[in-house]
Amino acid sequence: MSLFGTNTGFGSGGTGVFGNTTTDSHNPMKDVEVTSPPDDSISCLAFSPPTMPGNFLIGGSWANDVRCWEVQDNGQTVPKAQQMHTGPVLDVCWSDDGSKVFTASCDKTAKMWDLNSNQTIQIAQHEGPIRTIHWIKAPNYSCVMTGSWDKTLKFWDTRSPNPMMSLQMPERCYCADVVYPMAVVATAERGLIVYQLENQPSEFRRIESPLKHQHRCVAIFKDKQSKPTGFALGSIEGRVAIHYINPPNPAKDNFTFKCHRSNGTNTATPQDIYAVNAISFHPVHGTLATVGSDGRFSFWDKDARTKLKTSEQLDQPITACCFNNNGNIFAYASSYDWSKGHEYYNPQKKNYIFLRNAAEELKPRNKKW
Amino acid sequence: MGRKKKKQLKPWCWYCNRDFDDEKILIQHQKAKHFKCHICHKKLYTGPGLAIHCMQVHKETIDGVPNAIPGRIDIELEIYGMEGIPEKDMEERRRVLEQKTQDNQKKKQQDDSDEDDDDEEAGPSFQQPATAVQPQAAYAPMTQPGMTPVPVPGMPPGSYSGMPPMMPGIPPMMPGMPPVMPGMPPGMMQMRGMMPPAHGMPPMMPGMPPGIPPPMGHHPGIPHMAQAPPSSTRPAVPATTVPMPQPSVSKPLFPSAGQVQQAGSGVAVSSSAPTSAAPKPTFPAYTQSSATAAANSSSTVAKPGTPVTSKPATLTTTSATSKLIHPDEDISLEELRAQLPRYQCKVPSAGQAHVTSPPVAPMGGVLPHQQGIPAQQPGVRHPMQGPYGAPPQGVPGYVPGGMPPYGQAPPMVPSYQAAPPRPALGMRPPVMSPGGRY
């Protein structure tokens, strides 16, 4: 079954090594399982950019490792390589040419992994764990941006041990996203800062949070001309805010929606509200996917303001997700996110990464623009 | 809209006390929120209708109208839109409204932020496709498509190349942040819809400042922006808002840290600020825990927690109608997890010293450093450097000359022992060749 392309067949590829075609709740959506998943929770996923042929998936985990798989057209996943940090890996990203992978870890360092040589070198140092890492490719410079719990946002030329620039943030970095020339960082205490990256990175605006709870994930979206125009911000309270930077009418254009909550209108039992762990935008359709602690993923059309789909519930939270460069594959990771504290952590429980054909399900509901 | 003929100024929902512009929307709201079957999601027309449906189709009884405030959950009262509302509740509503209009004078601008949250409740929310948002959606596309093409002619994407000469010290501003900022600040503060001149322009378009005038011209009715009294915001400002002859206003609302660099190119007025400007006044429920929140018209919105006010270390995670599945500490899940001893950073082998050793968090103390990273904890895998490629010995392949590699001493352990039940994973080297393309 081809995983990609326009047909919707995404059967159990050829990767049923761990065998179970029965519907136990670890894979209720019957998606393709990636082989050799990490041994601890997966914190981040990233697909290779369009500049290189094929699809390569990078995943960082709490087992201190970063793994690389090749995802073939027939749905097979082939583990390719792995690197280690000395602390849990919290974020990964690719360089624009697909030759390097950048990894950020709790060990306060970030590394650059040259895939051709399979070598890594350290390229960044912070005073606290590095929570986010993004590659910035500007016409007049290129650098790596790291956001840390030490409340700084630093920019690194990979050839120098000292940062090119260091910006102070009001609080610890919790999540960030970059789509040149815009960067958004959400911090602790509901801080939200937009940076503009032209010429050199600088703080553009601090925004009062549209959400009332702790920020957890953020993703920038683009307009029809492929220019970044706003972002989606998720919190721990099962809610996502869609926020435009310069909307014609903020009151009407910006909005929030609830997601990842249990038992809709049943008033008998209290509603369980789960954190939104990650948000990803489809590179072609502009629709978005959210994954949450409830173990479900949902697809949304922010322009039609409708939900496109919600998955069945997995038996573990979904901690990370991403689309591949052409939007045909949606990858999501099923592992424990600590949302119920350490009591619910079972180190023996397997962690999974699933791949799903995303070509059809993410199509916008109707053309509003 | 609120036609006076309606029995109460604007239509409102008896079940949850929410206001609506139009009875049609009110009915849609009721069908989606109060008359929707929780089992099959079928939308009925009335409370009794829903009760009958559940009984006949699902053999289930329901004891109250879903999402209704306490006191208004009577399933037997036949209410449709504004029809069927008991007279005494009508009067009570009238009284409450009158009182609110007085209070509302001063809170008028914060009301706007209500819109935001209201959006996903009152209709324009993310519902199943069938009931997409009408009012909001209808509006947005009008403005946006109208906007974007406009400025483009003047601002070819490549225009940013013209920037550098302009700003030696001033980083190019996002569109709308033209360096000219007249002394409007105080007046502009409340301008909700104020958009920096280039609103509608592809937000990140550099080279804006010179281009400001052209876009300006496209906004009808803008000219007298300058006089629009600050507080009247919305009504006074035409939908397209903002741009006054002189671009923007420095936005004193936000912490000024960022302003410094923008020297002159200021920051756009809010746009987002007002939307959530005063969460506290309009969401009093947030500051209360539980029960009182239920009384608030914003039903489930206000429920969980009070993050705004509880700055200290904990969140309020439980309330009468909802429970936040999150540990009580108001720190991120990752921070909480990283405090555990098992996740403290291990010193890499081979005398690195480069990696900063102290554990991340205060908790847990420092683990004894291990050489060679043995798996001292369950679940920790051996650091596999990649059996795929020949474990690189000398490291620094990448760095051009000079730079001392940051100590990436590849932790040996070439053999992949750590793989418990991993039968024949395609881990075998065949695919990899050292130094070759992976």
# chains A, B, ... in the order shown; residues from 1 in each chain; ligands from 1
$ residues_around --residues "A:Arg365" --least-positions-apart "5" --cutoff "10 Å" --atoms "only C-alpha atoms" --output "PDB file with C-alpha atoms, in the first residue's frame"
ATOM      1  CA  THR A 287      -5.132  23.218   7.629  1.00  0.00           C
ATOM      2  CA  TRP A 300      -8.958  21.519  11.712  1.00  0.00           C
ATOM      3  CA  ASP A 301      -9.642  24.095   9.075  1.00  0.00           C
ATOM      4  CA  LYS A 302      -8.999  27.442  10.662  1.00  0.00           C
ATOM      5  CA  ASP A 303     -10.504  29.466   7.865  1.00  0.00           C
ATOM      6  CA  ALA A 304     -13.755  27.602   7.761  1.00  0.00           C
ATOM      7  CA  ARG A 305     -13.469  27.319  11.527  1.00  0.00           C
ATOM      8  CA  THR A 306     -14.462  23.715  11.501  1.00  0.00           C
ATOM      9  CA  LYS A 307     -13.088  20.462  12.682  1.00  0.00           C
ATOM     10  CA  LEU A 308     -12.186  18.088   9.902  1.00  0.00           C
TER      11      LEU A 308
ATOM     12  CA  PRO B 129     -18.856  20.745   9.356  1.00  0.00           C
ATOM     13  CA  ALA B 132     -19.869  26.268  10.207  1.00  0.00           C
TER      14      ALA B 132
END
$ atom_distance --atom1 "atom CA of A:Ile273" --atom2 "atom CA of B:Pro327"
12.2 Å
$ residues_around --residues "stretch 345-352 of chain A" --least-positions-apart "5" --cutoff "7 Å" --atoms "only C-alpha atoms" --output "PyMOL selection string"
(chain A and resi 33+37-41+333-336) or (chain B and resi 379)
$ write_last_selection --atoms "C-alpha atoms" --output "compact mmCIF listing (two decimals), in the first residue's frame"
# COMPACT_ATOMS: atom_id res chain seq x y z
CA GLU A 33 4.14 1.91 12.83
CA PRO A 37 10.97 3.60 18.04
CA PRO A 38 12.87 5.18 20.90
CA ASP A 39 12.81 3.62 24.32
CA ASP A 40 11.40 6.55 26.14
CA SER A 41 8.90 9.25 25.37
CA ALA A 333 4.14 9.88 18.42
CA SER A 334 2.36 8.00 21.14
CA SER A 335 4.14 8.12 24.47
CA TYR A 336 3.66 9.40 27.98
CA GLY B 379 15.01 2.30 30.39
$ atom_distance --atom1 "atom CA of A:Met112" --atom2 "atom CA of A:Ile133"
10.7 Å
$ closest_residue --among "B:Ala68, B:Arg95, B:Lys88, B:Leu77" --to "chain A" --atoms "only C-alpha atoms"
B:Ala68
